[in-house]
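Below is one structure, written out as structure tokens, with a few remarks after it.
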Amino acid sequence: MLIFQLAVILIASKIAGDISVRLGQPSVLGKLLIGIVLGPTVLGLVTDTEILKEISQIGVILLMFIAGLETDIDEFKRTAKSSTSVGVAGIVVPLALGYGAGIAIGLSNIEAIFLGLLLSATSVSISVQTLKELGKLKSREGATIMGAAVIDDVLVILALAFLMSFAGGDVNLGMVILKKVAFFAIVIVLSWKVVPWVLKKFAPLQVTESVISAALIICFLFAYFAEYTGVAAIIGSYIAGVAISLTNYKQEVTHKVETISYAVFVPVFFTSIGVTAQFSGILENLGLIVLLSVIAIVSKLIGGAFGAKITGFPWKNSMAIGAAMVSRGEVALIIAAIGLENNLLTQDMFAVLIVVVLLTTIVTPPMMKMFFSKTSQPEGMALKKNA
């Protein structure tokens with residue numbers, strides 16, 4: 001059954017991506033929407049199995065690894081101030097509006113704060129693909145978005161740990177902070193000293209594709225270590241990509257990892273997001289879904305744009321950066337699962353938030369396309385391969 005589902009996903013995602021590009025949208029939008037069509041909601045050809053989730057997880061890890069490989073570290077350093085501003089403003093605005101909405105619909109204080117935190121999360125995996133297609137990943141805006149995503153992830157997880165310590169969850173806040181500090185300290189040292197050494201030692205081995213294997217080992221170990229210390233796995237794989245981008249093996253690794261990733265794993269990731277969509281009971285909570293979706297989209301858009309504007313970006317570019325931060329993706333889904341497990345979300349609210357997260361993910365690519373088209377022309381070819 002898995003083999004058939006993979007074949008269906010690959011065929012459908014490539015065709016849907018091509019149609020999306022022909023209609024003037026990023027290919028990722030077509031892949032997201034075709035997932036809904038293939039899934040249980042419409043055709044039922046693909047089901048959300050555990051093994052499909054694992055393949056999807058590999059897909060998003062590799063996607064962020066490629067983003068790291070293509071990161072301009074000098075541009076990354078230059079945009080540190082902007083990244084911090086976008087990351088912080090992109091948390092404060094959704095947190096405030098989410099908390100207000102929670103109180104308005106009758107949630108307790110702690111439940112409302114949790115809702116605000118969930119809406120503060122960002123997952124730029126969808127934005128990364130759109131930036132690549134628009135030729136903006138290596139731009140100043142792209143570097144700002146990637147930096148803001150790292151800051152957003154760390155701050156939201158720390159705030160969540162702080163909240164859980166008050167909510168009766170078994171959370172040691174000091175240990176949570178220590179793990180985060182340890183993660184970044186260790187991966188910086190590994191990136192600086194160990195990663196180049198490992199690649200250099202693997203390169204002369206008399207086996208096929210030894211350098212690529214070494215790069216993937218580093219990617220997966222960094223992702224695992226990130227997840228183990230409570231940082232999102234995608235942050236670990238992104239940092240691994242940045243580390244390898246500073247070595248002489250950057251071009252070789254980038255070219256071959258892109259081939260592996262876009263042939264199988266990345267299409268499965270994009271399509272599986274749509275496959276997981278559950279629309280049962282949507283009509284009963286339609287008003288709440290609309291309210292929270294509007295808050296989720298507007299708060300990130302305005303928060304991110306404001307953070308970019310006060311650090312010198314023009315309004316058009318600021319809005320483009322804000323649009324890239326809108327998608328909540330898998331990070332918000334993980335937080336929602338934590339909330340359900342700790343009775344901070346009811347089952348109905350959990351189902352509502354899954355739809356909201358899906359909607360933020362679907363609207364992000366066309367919003368980015370709209371705002372980036374109003375800025376300066378992309379450096380590279382827009383809306384090209386990867387369809």
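A note on labels: chains of the structure tokens are A, B, ... as shown, every chain counts residues from 1, and ligands are counted from 1 in their shown order.
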Members of segment 70-310 of chain A assigned helix (DSSP H, G or I) by DSSP, as a PyMOL selection string: chain A and resi 73-78+80-104+109-120+125-134+140-166+173-202+210-228+233-245+250-275+286-309
Shell of 7 Å around segment 337-354 of chain A, only C-alpha atoms, local chain residues under 4 positions omitted, as a PyMOL selection string: chain A and resi 111+169+289+333+358
Using only C-alpha atoms, what does the table of segment 132-195 of chain A residues within 12 Å of segment 88-91 of chain A look like, with each row giving the shortest atom pair and its distance in Å to one decimal, sorted by chain and ascending number, as a Markdown table?
| residue | atom | partner | partner_atom | distance |
| --- | --- | --- | --- | --- |
| A:Ile145 | CA | A:Gly90 | CA | 10.9 |
| A:Gly147 | CA | A:Val88 | CA | 11.3 |
| A:Ala148 | CA | A:Val88 | CA | 8.0 |
| A:Ala149 | CA | A:Gly90 | CA | 9.6 |
| A:Val150 | CA | A:Val88 | CA | 10.9 |
| A:Ile151 | CA | A:Val88 | CA | 7.6 |
| A:Asp152 | CA | A:Val88 | CA | 6.8 |
| A:Asp153 | CA | A:Ile91 | CA | 9.7 |
| A:Val154 | CA | A:Val88 | CA | 10.7 |
| A:Leu155 | CA | A:Val88 | CA | 8.1 |
| A:Val156 | CA | A:Ile91 | CA | 7.6 |
| A:Ile157 | CA | A:Ile91 | CA | 11.4 |
| A:Ala159 | CA | A:Ile91 | CA | 10.3 |
Using N, CA and C atoms, can you write the selected residues to a file as a short mmCIF file (atom, residue, chain, number, x, y, z; two decimals), in the first residue's frame?
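The result, stored in again-v9.cif:
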data_model
loop_
_atom_site.label_atom_id
_atom_site.label_comp_id
_atom_site.auth_asym_id
_atom_site.auth_seq_id
_atom_site.Cartn_x
_atom_site.Cartn_y
_atom_site.Cartn_z
N ILE A 145 14.24 36.35 7.32
CA ILE A 145 13.18 35.37 7.61
C ILE A 145 13.76 34.13 8.29
N GLY A 147 16.61 33.85 10.01
CA GLY A 147 17.06 34.19 11.35
C GLY A 147 15.90 34.37 12.31
N ALA A 148 14.84 35.04 11.85
CA ALA A 148 13.66 35.26 12.68
C ALA A 148 13.00 33.93 13.06
N ALA A 149 13.03 32.97 12.15
CA ALA A 149 12.42 31.67 12.42
C ALA A 149 13.13 30.95 13.57
N VAL A 150 14.46 31.03 13.58
CA VAL A 150 15.24 30.41 14.67
C VAL A 150 14.91 31.07 16.00
N ILE A 151 14.90 32.41 16.01
CA ILE A 151 14.60 33.16 17.23
C ILE A 151 13.18 32.88 17.71
N ASP A 152 12.23 32.88 16.78
CA ASP A 152 10.82 32.59 17.09
C ASP A 152 10.67 31.23 17.74
N ASP A 153 11.32 30.23 17.15
CA ASP A 153 11.21 28.86 17.66
C ASP A 153 11.71 28.76 19.10
N VAL A 154 12.87 29.33 19.35
CA VAL A 154 13.47 29.25 20.69
C VAL A 154 12.62 29.99 21.72
N LEU A 155 12.19 31.22 21.39
CA LEU A 155 11.42 32.01 22.35
C LEU A 155 10.06 31.38 22.66
N VAL A 156 9.38 30.87 21.63
CA VAL A 156 8.07 30.25 21.86
C VAL A 156 8.19 29.00 22.72
N ILE A 157 9.21 28.19 22.46
CA ILE A 157 9.39 26.96 23.25
C ILE A 157 9.75 27.29 24.70
N ALA A 159 8.87 30.06 26.29
CA ALA A 159 7.64 30.60 26.88
C ALA A 159 6.66 29.48 27.18
#
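Atom CA of Leu29 of chain A is found 8.9 Å from atom CA of Thr130 of chain A.
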Spatial neighbours of Val253 of chain A, max dist 10 Å, only C-alpha atoms, sep filter under 5 positions, as a list of chain:residue names: A:Ile66, A:Leu69, A:Glu209, A:Val211, A:Ile212, A:Ser213, A:Ala214, A:Ala215, A:Leu216, A:Gly241, A:Ile244, A:Ser245, A:Asn248, A:Glu258, A:Thr259
Save out the residues we just selected, N, CA and C atoms, as a short mmCIF file (atom, residue, chain, number, x, y, z; two decimals), in the first residue's frame.
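Produced file part.cif, reproduced below:
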data_model
loop_
_atom_site.label_atom_id
_atom_site.label_comp_id
_atom_site.auth_asym_id
_atom_site.auth_seq_id
_atom_site.Cartn_x
_atom_site.Cartn_y
_atom_site.Cartn_z
N ILE A 66 18.74 22.00 3.02
CA ILE A 66 19.07 22.68 1.76
C ILE A 66 19.05 24.19 1.96
N LEU A 69 22.23 25.13 3.47
CA LEU A 69 23.31 25.07 2.48
C LEU A 69 23.34 26.31 1.59
N GLU A 209 29.60 7.87 -3.15
CA GLU A 209 28.99 9.07 -2.57
C GLU A 209 29.29 9.24 -1.08
N VAL A 211 30.92 11.64 0.50
CA VAL A 211 30.73 13.00 1.01
C VAL A 211 29.25 13.27 1.28
N ILE A 212 28.39 12.84 0.36
CA ILE A 212 26.95 13.06 0.53
C ILE A 212 26.44 12.28 1.75
N SER A 213 26.94 11.07 1.91
CA SER A 213 26.55 10.28 3.08
C SER A 213 26.97 10.98 4.37
N ALA A 214 28.19 11.52 4.38
CA ALA A 214 28.67 12.24 5.56
C ALA A 214 27.80 13.46 5.85
N ALA A 215 27.42 14.18 4.78
CA ALA A 215 26.57 15.37 4.95
C ALA A 215 25.21 15.00 5.53
N LEU A 216 24.63 13.90 5.05
CA LEU A 216 23.33 13.47 5.55
C LEU A 216 23.43 12.97 6.99
N GLY A 241 23.14 22.52 7.65
CA GLY A 241 23.33 23.02 6.29
C GLY A 241 24.23 24.24 6.24
N ILE A 244 27.89 23.16 6.72
CA ILE A 244 28.49 22.55 5.52
C ILE A 244 28.67 23.60 4.42
N SER A 245 27.83 24.64 4.42
CA SER A 245 27.95 25.69 3.40
C SER A 245 29.27 26.45 3.52
N ASN A 248 34.41 23.42 1.65
CA ASN A 248 34.64 23.32 0.19
C ASN A 248 33.70 22.33 -0.48
N GLU A 258 19.74 18.05 -3.17
CA GLU A 258 18.53 18.55 -3.83
C GLU A 258 17.90 17.47 -4.71
N THR A 259 18.75 16.73 -5.43
CA THR A 259 18.23 15.65 -6.29
C THR A 259 17.49 14.60 -5.47
#
Closest of A:Leu10, A:Ala233, A:Cys219, A:Ala143 to Lys77 of chain A - atom-to-atom distances counting only C-alpha atoms: A:Ala143
